[in-house]
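K.L.:
To be precise about what I am sending: the file is called upload18.txt and holds compact mmCIF, C-alpha atoms and all ligand atoms.
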```txt
# COMPACT_ATOMS: atom_id res chain seq x y z
CA MET X 1 0.00 0.00 0.00
CA THR X 2 1.27 3.50 -0.80
CA THR X 3 1.32 6.22 1.84
CA GLU X 4 -0.53 9.39 0.88
CA LYS X 5 2.03 11.97 -0.19
CA TYR X 6 3.01 14.60 2.39
CA ALA X 7 0.70 12.84 4.89
CA ASP X 8 2.86 13.54 7.95
CA GLU X 9 3.46 17.18 6.94
CA ILE X 10 -0.20 18.23 6.71
CA GLU X 11 -1.93 18.90 10.02
CA SER X 12 -5.48 18.63 8.68
CA VAL X 13 -7.62 18.98 5.58
CA LEU X 14 -9.43 22.32 5.33
CA LEU X 15 -11.18 21.89 1.96
CA SER X 16 -11.44 18.45 0.40
CA GLU X 17 -11.09 17.74 -3.30
CA GLU X 18 -14.85 17.19 -3.55
CA THR X 19 -15.70 20.43 -1.71
CA LEU X 20 -13.37 22.37 -4.04
CA HIS X 21 -14.86 20.86 -7.18
CA GLU X 22 -18.45 21.47 -6.10
CA ARG X 23 -17.78 25.12 -5.29
CA ILE X 24 -15.78 25.73 -8.48
CA ALA X 25 -18.67 24.34 -10.53
CA GLU X 26 -20.96 26.87 -8.81
CA MET X 27 -18.49 29.70 -9.36
CA GLY X 28 -18.27 28.84 -13.06
CA ALA X 29 -22.06 28.98 -13.39
CA THR X 30 -22.33 32.27 -11.47
CA ILE X 31 -19.59 34.03 -13.42
CA GLY X 32 -20.78 32.56 -16.72
CA ALA X 33 -24.22 34.10 -16.11
CA LYS X 34 -22.66 37.50 -15.37
CA TYR X 35 -20.82 37.53 -18.71
CA ALA X 36 -23.50 35.77 -20.76
CA ASP X 37 -24.32 38.86 -22.84
CA THR X 38 -20.80 40.04 -23.57
CA ASP X 39 -19.90 40.36 -27.27
CA GLN X 40 -16.32 39.10 -26.86
CA GLU X 41 -14.57 36.28 -25.09
CA VAL X 42 -13.44 37.03 -21.58
CA VAL X 43 -9.73 36.98 -20.84
CA LEU X 44 -8.77 35.03 -17.74
CA ILE X 45 -5.47 36.19 -16.29
CA CYS X 46 -4.02 33.41 -14.21
CA VAL X 47 -1.62 34.70 -11.58
CA LEU X 48 1.20 32.15 -11.55
CA LYS X 49 2.12 29.98 -9.98
CA GLY X 50 -0.51 29.59 -7.27
CA ALA X 51 -3.60 29.96 -9.48
CA ALA X 52 -2.49 27.48 -12.17
CA ILE X 53 -4.54 24.57 -10.82
CA PHE X 54 -7.59 26.70 -10.02
CA VAL X 55 -7.71 28.41 -13.44
CA SER X 56 -7.65 25.10 -15.26
CA ASP X 57 -10.67 23.85 -13.31
CA PHE X 58 -12.42 27.24 -13.32
CA ALA X 59 -12.07 27.75 -17.10
CA ARG X 60 -13.61 24.33 -17.69
CA ALA X 61 -16.44 25.09 -15.24
CA LEU X 62 -17.27 28.33 -17.10
CA PRO X 63 -20.14 27.78 -19.52
CA ILE X 64 -18.85 30.56 -21.80
CA PRO X 65 -15.67 30.60 -23.91
CA SER X 66 -12.63 32.25 -22.41
CA GLU X 67 -9.04 32.97 -23.34
CA MET X 68 -6.29 32.18 -20.87
CA GLU X 69 -3.31 34.41 -20.20
CA PHE X 70 -0.58 34.02 -17.63
CA MET X 71 1.28 36.46 -15.51
CA ALA X 72 3.84 35.55 -12.87
CA VAL X 73 4.37 37.75 -9.86
CA SER X 74 5.95 36.93 -6.55
CA SER X 75 5.74 38.52 -3.15
CA TYR X 76 6.19 35.61 -0.77
CA GLY X 77 9.32 33.79 -1.91
CA SER X 78 9.96 31.13 0.72
CA SER X 79 8.38 33.02 3.61
CA THR X 80 4.87 32.66 5.10
CA SER X 81 4.11 36.39 5.01
CA SER X 82 3.93 38.84 2.14
CA SER X 83 6.86 41.19 1.71
CA GLY X 84 4.51 43.68 0.02
CA VAL X 85 7.14 44.08 -2.67
CA VAL X 86 5.67 42.58 -5.84
CA ARG X 87 7.91 41.64 -8.74
CA ILE X 88 6.74 40.74 -12.25
CA LEU X 89 8.49 37.51 -13.16
CA LYS X 90 6.52 37.04 -16.38
CA ASP X 91 4.31 39.65 -18.04
CA LEU X 92 1.27 39.10 -20.28
CA ASP X 93 1.99 38.10 -23.88
CA ARG X 94 -0.96 40.08 -25.23
CA ASP X 95 -2.63 43.46 -25.10
CA ILE X 96 -5.76 43.63 -22.89
CA ALA X 97 -6.99 47.05 -24.03
CA ASP X 98 -10.81 47.04 -24.50
CA ARG X 99 -11.10 43.45 -23.29
CA ASP X 100 -13.23 42.03 -20.48
CA VAL X 101 -10.60 40.75 -18.09
CA ILE X 102 -10.92 38.55 -15.02
CA ILE X 103 -7.91 38.11 -12.76
CA VAL X 104 -7.99 34.58 -11.42
CA GLU X 105 -6.21 34.18 -8.09
CA ASP X 106 -5.78 31.29 -5.72
CA ILE X 107 -5.73 33.35 -2.52
CA ILE X 108 -6.17 36.85 -1.16
CA ASP X 109 -4.19 36.96 2.06
CA SER X 110 -2.93 40.50 2.79
CA GLY X 111 -4.37 41.57 -0.59
CA LEU X 112 -1.12 43.38 -1.39
CA THR X 113 -0.39 41.32 -4.51
CA LEU X 114 -3.81 41.98 -6.04
CA SER X 115 -4.00 45.61 -5.10
CA TRP X 116 -0.66 46.11 -6.87
CA LEU X 117 -1.80 44.02 -9.85
CA MET X 118 -5.11 45.88 -10.20
CA ARG X 119 -3.26 49.18 -10.36
CA ASN X 120 -0.83 47.78 -12.91
CA LEU X 121 -3.50 46.23 -15.18
CA LYS X 122 -5.82 49.28 -15.06
CA THR X 123 -3.12 51.31 -16.80
CA ARG X 124 -3.49 48.93 -19.79
CA ASN X 125 -7.12 50.10 -20.31
CA PRO X 126 -9.17 46.90 -20.25
CA ARG X 127 -12.92 47.39 -20.92
CA SER X 128 -13.62 45.75 -17.57
CA LEU X 129 -11.38 44.33 -14.87
CA GLU X 130 -12.64 41.96 -12.17
CA ILE X 131 -11.22 39.57 -9.61
CA VAL X 132 -12.20 35.98 -8.94
CA THR X 133 -10.41 34.22 -6.11
CA LEU X 134 -10.71 30.73 -4.74
CA LEU X 135 -9.73 31.69 -1.18
CA ARG X 136 -9.70 34.80 0.97
CA LYS X 137 -8.51 35.32 4.54
CA PRO X 138 -10.85 38.09 5.78
CA ASP X 139 -8.85 38.54 9.01
CA ALA X 140 -5.61 39.14 7.12
CA VAL X 141 -6.70 41.46 4.31
CA LYS X 142 -5.10 44.90 4.51
CA ALA X 143 -6.05 46.24 1.07
CA ASP X 144 -9.46 47.45 -0.04
CA LEU X 145 -10.45 45.29 -3.03
CA ASP X 146 -13.69 44.81 -4.96
CA ILE X 147 -14.03 41.11 -5.64
CA LEU X 148 -16.50 39.63 -8.10
CA GLU X 149 -16.53 36.13 -6.61
CA ILE X 150 -14.86 34.38 -3.68
CA GLY X 151 -14.79 30.61 -3.39
CA PHE X 152 -14.21 30.34 0.36
CA ASP X 153 -13.39 32.62 3.26
CA ILE X 154 -10.87 30.79 5.40
CA PRO X 155 -9.22 31.34 8.81
CA ASN X 156 -5.98 33.25 9.08
CA GLU X 157 -3.72 30.19 8.92
CA PHE X 158 -1.09 29.23 6.39
CA VAL X 159 -2.57 26.73 3.95
CA VAL X 160 -1.11 24.66 1.14
CA GLY X 161 -2.26 22.45 -1.72
CA TYR X 162 -4.31 22.85 -4.91
CA GLY X 163 -1.66 25.23 -6.30
CA LEU X 164 -0.63 26.87 -3.03
CA ASP X 165 2.90 26.24 -1.91
CA PHE X 166 5.27 26.61 0.94
CA ALA X 167 8.78 27.03 -0.51
CA GLU X 168 7.50 25.47 -3.79
CA ARG X 169 6.20 22.29 -2.15
CA TYR X 170 2.63 20.96 -1.86
CA ARG X 171 1.17 22.63 -4.99
CA ASP X 172 0.41 19.13 -6.26
CA LEU X 173 -1.94 18.19 -3.40
CA PRO X 174 -5.53 17.85 -4.68
CA TYR X 175 -7.01 19.45 -1.54
CA ILE X 176 -6.31 22.49 0.66
CA GLY X 177 -4.73 21.64 3.98
CA ARG X 178 -3.15 23.27 7.00
CA LEU X 179 0.58 22.86 7.00
CA HIS X 180 1.99 21.39 10.19
CA PRO X 181 3.60 24.35 12.02
CA ARG X 182 6.78 22.34 12.56
CA MET X 183 7.31 22.53 8.77
CA TYR X 184 7.95 26.27 8.92
CA SER X 185 8.95 27.06 12.49
O1 LIG D 1 -2.74 38.67 -0.69
P1 LIG D 1 -1.27 38.47 -0.59
O2 LIG D 1 -0.79 38.56 0.84
O3 LIG D 1 -0.49 39.36 -1.49
O4 LIG D 1 -0.96 36.94 -0.99
C1 LIG D 1 -1.51 36.29 -2.11
C2 LIG D 1 -0.48 35.96 -3.15
O5 LIG D 1 0.59 35.23 -2.60
C3 LIG D 1 0.75 33.99 -3.29
O6 LIG D 1 1.67 34.12 -4.33
P2 LIG D 1 3.27 33.99 -4.14
O7 LIG D 1 3.87 35.34 -4.08
O8 LIG D 1 3.57 33.06 -3.01
O9 LIG D 1 3.71 33.31 -5.52
P3 LIG D 1 3.24 31.87 -6.08
O10 LIG D 1 1.84 32.04 -6.58
O11 LIG D 1 4.21 31.56 -7.17
O12 LIG D 1 3.31 30.89 -4.93
C4 LIG D 1 -0.63 33.72 -3.84
O13 LIG D 1 -0.58 32.86 -4.97
C5 LIG D 1 -1.14 35.09 -4.20
O14 LIG D 1 -0.71 35.49 -5.48
O1 LIG D 2 -1.76 30.70 3.20
C1 LIG D 2 -1.04 30.73 2.17
N1 LIG D 2 -0.46 29.58 1.68
C2 LIG D 2 0.32 29.56 0.57
N2 LIG D 2 0.62 30.65 -0.12
C3 LIG D 2 0.11 31.82 0.31
N3 LIG D 2 0.25 33.04 -0.20
C4 LIG D 2 -0.46 33.87 0.56
N4 LIG D 2 -1.07 33.21 1.59
C5 LIG D 2 -0.73 31.90 1.44
MG MG D 3 3.68 31.10 -2.97
```
Let's see the structure in the file written out as structure tokens.
P.N.:
Amino acid sequence: MTTEKYADEIESVLLSEETLHERIAEMGATIGAKYADTDQEVVLICVLKGAAIFVSDFARALPIPSEMEFMAVSSYGSSTSSSGVVRILKDLDRDIADRDVIIVEDIIDSGLTLSWLMRNLKTRNPRSLEIVTLLRKPDAVKADLDILEIGFDIPNEFVVGYGLDFAERYRDLPYIGRLHPRMYS
């Protein structure tokens, strides 16, 4: 018998694979309805690396066609708190002027990454610019952000899995779990 990967490093499961998939199906339907009358395909901007897994499930849950673009920014490195200093590691390949754009994020923690990204993308003159995030930590958010859809509000604890990492590990877990504190203390 194989041991489940990372089993002794994860303290507990916060959101199971099934819970994630059910909610993402709902989010797809809700957002699809909001953009049902648009005359052009929406552009999903996946914020790498964390949102890579979420965007692939979310795009398939959307009942309307979408284009997928990728941008890589980093503010955490191998720490468990945001430095607030956001660096673009990979910019968009295409122009988003006059397009309906949805930023797809895995998590809003302090909100510093997204507040910086919103300011940056607004200067490129999209027709509309919205945020969809799988997770938000309401007790940690420092920035004032308008969010179109939130998958789950979660407690202010460091979580991993389903794209979220600690020092590049655990992105490949199919669920969201609490990392055992001994892994980072
Ligand atoms: O709301 P904030 O406090 O700014 O935190 C959220 C951001 O931090 C994480 O990215 P990270 O910088 O770790 O890069 P990664 O996606 O490559 O892991 C996460 O994917 C969000 O983009
Ligand atoms: O709780 C978190 N886990 C992993 N990455 C993160 N980036 C911001 N918050 C988190
Ligand atoms: Mg990270």
K.L.:
Between X:Asp165, X:Glu11, X:Glu149, X:Asp93, which has the minimum distance to Arg178 of chain X (counting all atoms listed in the file)?
P.N.:
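Among X:Asp165, X:Glu11, X:Glu149, X:Asp93, it is X:Glu11 that comes nearest to Arg178 of chain X.
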K.L.:
Can you pull out every residue within 9 Å of segment 36-48 of chain X, counting only C-alpha atoms, but drop anything in the same chain fewer than 3 positions away, and send it as a PyMOL selection string?
P.N.:
chain X and resi 31-33+51-52+54-55+59+63-74+90+92+96+99-106
K.L.:
Give me, please, the distance in Å between atom CA of Tyr184 of chain X and atom CA of Asp139 of chain X, quoted to one decimal.
P.N.:
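Computing the Euclidean distance for atom CA of Tyr184 of chain X and atom CA of Asp139 of chain X yields 20.8 Å.
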K.L.:
Please, which residues have at least one atom within 8 Å of an atom of ligand LIG 1 (chain D), using all atoms listed in the file, listed as a VMD selection string?
P.N.:
chain X and resid 47 to 51 72 to 78 81 to 82 84 86 105 to 114 140 to 141 163 to 166 168
K.L.:
Out of X:Lys5, X:Lys122, X:Arg136, X:Arg60, which residue has the shortest atom-to-atom distance to Leu173 of chain X when counting all atoms listed in the file?
P.N.:
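Result for the nearest residue to Leu173 of chain X: X:Lys5.
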K.L.:
Padding 8 Å on each side, edges along x, y and z: where is the centre of the box around the listed atoms of ligand LIG 2 (chain D), and how long are its edges in Å to one decimal? Output it as JSON.
P.N.:
```
{"center_x": -0.6, "center_y": 31.7, "center_z": 1.5, "size_x": 18.4, "size_y": 20.3, "size_z": 19.4}
```
K.L.:
Could you work out how far atom CA of Thr19 of chain X lies from atom C1 of ligand LIG 2 (chain D), giving the answer in Å with one decimal?
P.N.:
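Computing the Euclidean distance for atom C1 of ligand LIG 2 (chain D) and atom CA of Thr19 of chain X yields 18.3 Å.
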K.L.:
For segment 90-117 of chain X, where the input has fewer atoms than it should, I would like N, CA and C atoms rebuilt and written as a PDB file, in the coordinates of the input.
P.N.:
```pdb
ATOM      1  N   LYS X  90       6.918  37.248 -14.985  1.00  0.00           N
ATOM      2  CA  LYS X  90       6.520  37.040 -16.380  1.00  0.00           C
ATOM      3  C   LYS X  90       5.334  37.933 -16.671  1.00  0.00           C
ATOM      4  N   ASP X  91       5.417  38.747 -17.706  1.00  0.00           N
ATOM      5  CA  ASP X  91       4.310  39.650 -18.040  1.00  0.00           C
ATOM      6  C   ASP X  91       3.371  38.973 -19.040  1.00  0.00           C
ATOM      7  N   LEU X  92       2.215  39.613 -19.295  1.00  0.00           N
ATOM      8  CA  LEU X  92       1.270  39.100 -20.280  1.00  0.00           C
ATOM      9  C   LEU X  92       1.924  39.078 -21.658  1.00  0.00           C
ATOM     10  N   ASP X  93       1.468  38.145 -22.506  1.00  0.00           N
ATOM     11  CA  ASP X  93       1.990  38.100 -23.880  1.00  0.00           C
ATOM     12  C   ASP X  93       1.177  39.009 -24.788  1.00  0.00           C
ATOM     13  N   ARG X  94      -0.046  39.387 -24.333  1.00  0.00           N
ATOM     14  CA  ARG X  94      -0.960  40.080 -25.230  1.00  0.00           C
ATOM     15  C   ARG X  94      -1.509  41.346 -24.603  1.00  0.00           C
ATOM     16  N   ASP X  95      -2.019  42.201 -25.496  1.00  0.00           N
ATOM     17  CA  ASP X  95      -2.630  43.460 -25.100  1.00  0.00           C
ATOM     18  C   ASP X  95      -4.032  43.156 -24.524  1.00  0.00           C
ATOM     19  N   ILE X  96      -4.409  43.845 -23.445  1.00  0.00           N
ATOM     20  CA  ILE X  96      -5.760  43.630 -22.890  1.00  0.00           C
ATOM     21  C   ILE X  96      -6.642  44.871 -23.050  1.00  0.00           C
ATOM     22  N   ALA X  97      -6.187  45.840 -23.827  1.00  0.00           N
ATOM     23  CA  ALA X  97      -6.990  47.050 -24.030  1.00  0.00           C
ATOM     24  C   ALA X  97      -8.354  46.672 -24.618  1.00  0.00           C
ATOM     25  N   ASP X  98      -9.423  47.266 -24.053  1.00  0.00           N
ATOM     26  CA  ASP X  98     -10.810  47.040 -24.500  1.00  0.00           C
ATOM     27  C   ASP X  98     -11.316  45.610 -24.324  1.00  0.00           C
ATOM     28  N   ARG X  99     -10.641  44.828 -23.530  1.00  0.00           N
ATOM     29  CA  ARG X  99     -11.100  43.450 -23.290  1.00  0.00           C
ATOM     30  C   ARG X  99     -11.763  43.345 -21.916  1.00  0.00           C
ATOM     31  N   ASP X 100     -12.655  42.355 -21.789  1.00  0.00           N
ATOM     32  CA  ASP X 100     -13.230  42.030 -20.480  1.00  0.00           C
ATOM     33  C   ASP X 100     -12.289  41.050 -19.795  1.00  0.00           C
ATOM     34  N   VAL X 101     -11.693  41.518 -18.715  1.00  0.00           N
ATOM     35  CA  VAL X 101     -10.600  40.750 -18.090  1.00  0.00           C
ATOM     36  C   VAL X 101     -11.018  40.295 -16.687  1.00  0.00           C
ATOM     37  N   ILE X 102     -10.729  39.062 -16.386  1.00  0.00           N
ATOM     38  CA  ILE X 102     -10.920  38.550 -15.020  1.00  0.00           C
ATOM     39  C   ILE X 102      -9.581  38.043 -14.507  1.00  0.00           C
ATOM     40  N   ILE X 103      -9.127  38.638 -13.411  1.00  0.00           N
ATOM     41  CA  ILE X 103      -7.910  38.110 -12.760  1.00  0.00           C
ATOM     42  C   ILE X 103      -8.334  36.900 -11.944  1.00  0.00           C
ATOM     43  N   VAL X 104      -7.662  35.803 -12.153  1.00  0.00           N
ATOM     44  CA  VAL X 104      -7.990  34.580 -11.420  1.00  0.00           C
ATOM     45  C   VAL X 104      -6.865  34.297 -10.431  1.00  0.00           C
ATOM     46  N   GLU X 105      -7.209  34.353  -9.146  1.00  0.00           N
ATOM     47  CA  GLU X 105      -6.210  34.180  -8.090  1.00  0.00           C
ATOM     48  C   GLU X 105      -6.547  32.965  -7.236  1.00  0.00           C
ATOM     49  N   ASP X 106      -5.539  32.394  -6.646  1.00  0.00           N
ATOM     50  CA  ASP X 106      -5.780  31.290  -5.720  1.00  0.00           C
ATOM     51  C   ASP X 106      -6.147  31.802  -4.332  1.00  0.00           C
ATOM     52  N   ILE X 107      -5.472  32.891  -3.892  1.00  0.00           N
ATOM     53  CA  ILE X 107      -5.730  33.350  -2.520  1.00  0.00           C
ATOM     54  C   ILE X 107      -5.509  34.851  -2.383  1.00  0.00           C
ATOM     55  N   ILE X 108      -6.402  35.478  -1.605  1.00  0.00           N
ATOM     56  CA  ILE X 108      -6.170  36.850  -1.160  1.00  0.00           C
ATOM     57  C   ILE X 108      -5.860  36.737   0.328  1.00  0.00           C
ATOM     58  N   ASP X 109      -4.631  37.052   0.659  1.00  0.00           N
ATOM     59  CA  ASP X 109      -4.190  36.960   2.060  1.00  0.00           C
ATOM     60  C   ASP X 109      -4.112  38.400   2.572  1.00  0.00           C
ATOM     61  N   SER X 110      -2.971  39.069   2.437  1.00  0.00           N
ATOM     62  CA  SER X 110      -2.930  40.500   2.790  1.00  0.00           C
ATOM     63  C   SER X 110      -3.646  41.336   1.731  1.00  0.00           C
ATOM     64  N   GLY X 111      -3.768  40.816   0.526  1.00  0.00           N
ATOM     65  CA  GLY X 111      -4.370  41.570  -0.590  1.00  0.00           C
ATOM     66  C   GLY X 111      -3.368  42.465  -1.301  1.00  0.00           C
ATOM     67  N   LEU X 112      -2.123  42.458  -0.826  1.00  0.00           N
ATOM     68  CA  LEU X 112      -1.120  43.380  -1.390  1.00  0.00           C
ATOM     69  C   LEU X 112      -0.770  43.027  -2.842  1.00  0.00           C
ATOM     70  N   THR X 113      -0.721  41.736  -3.147  1.00  0.00           N
ATOM     71  CA  THR X 113      -0.390  41.320  -4.510  1.00  0.00           C
ATOM     72  C   THR X 113      -1.464  41.830  -5.473  1.00  0.00           C
ATOM     73  N   LEU X 114      -2.734  41.592  -5.120  1.00  0.00           N
ATOM     74  CA  LEU X 114      -3.810  41.980  -6.040  1.00  0.00           C
ATOM     75  C   LEU X 114      -3.999  43.478  -6.116  1.00  0.00           C
ATOM     76  N   SER X 115      -3.783  44.181  -5.018  1.00  0.00           N
ATOM     77  CA  SER X 115      -4.000  45.610  -5.100  1.00  0.00           C
ATOM     78  C   SER X 115      -2.924  46.221  -6.021  1.00  0.00           C
ATOM     79  N   TRP X 116      -1.719  45.672  -5.963  1.00  0.00           N
ATOM     80  CA  TRP X 116      -0.660  46.110  -6.870  1.00  0.00           C
ATOM     81  C   TRP X 116      -1.006  45.733  -8.314  1.00  0.00           C
ATOM     82  N   LEU X 117      -1.499  44.506  -8.492  1.00  0.00           N
ATOM     83  CA  LEU X 117      -1.800  44.020  -9.850  1.00  0.00           C
ATOM     84  C   LEU X 117      -2.965  44.782 -10.488  1.00  0.00           C
TER      85      LEU X 117
END
```
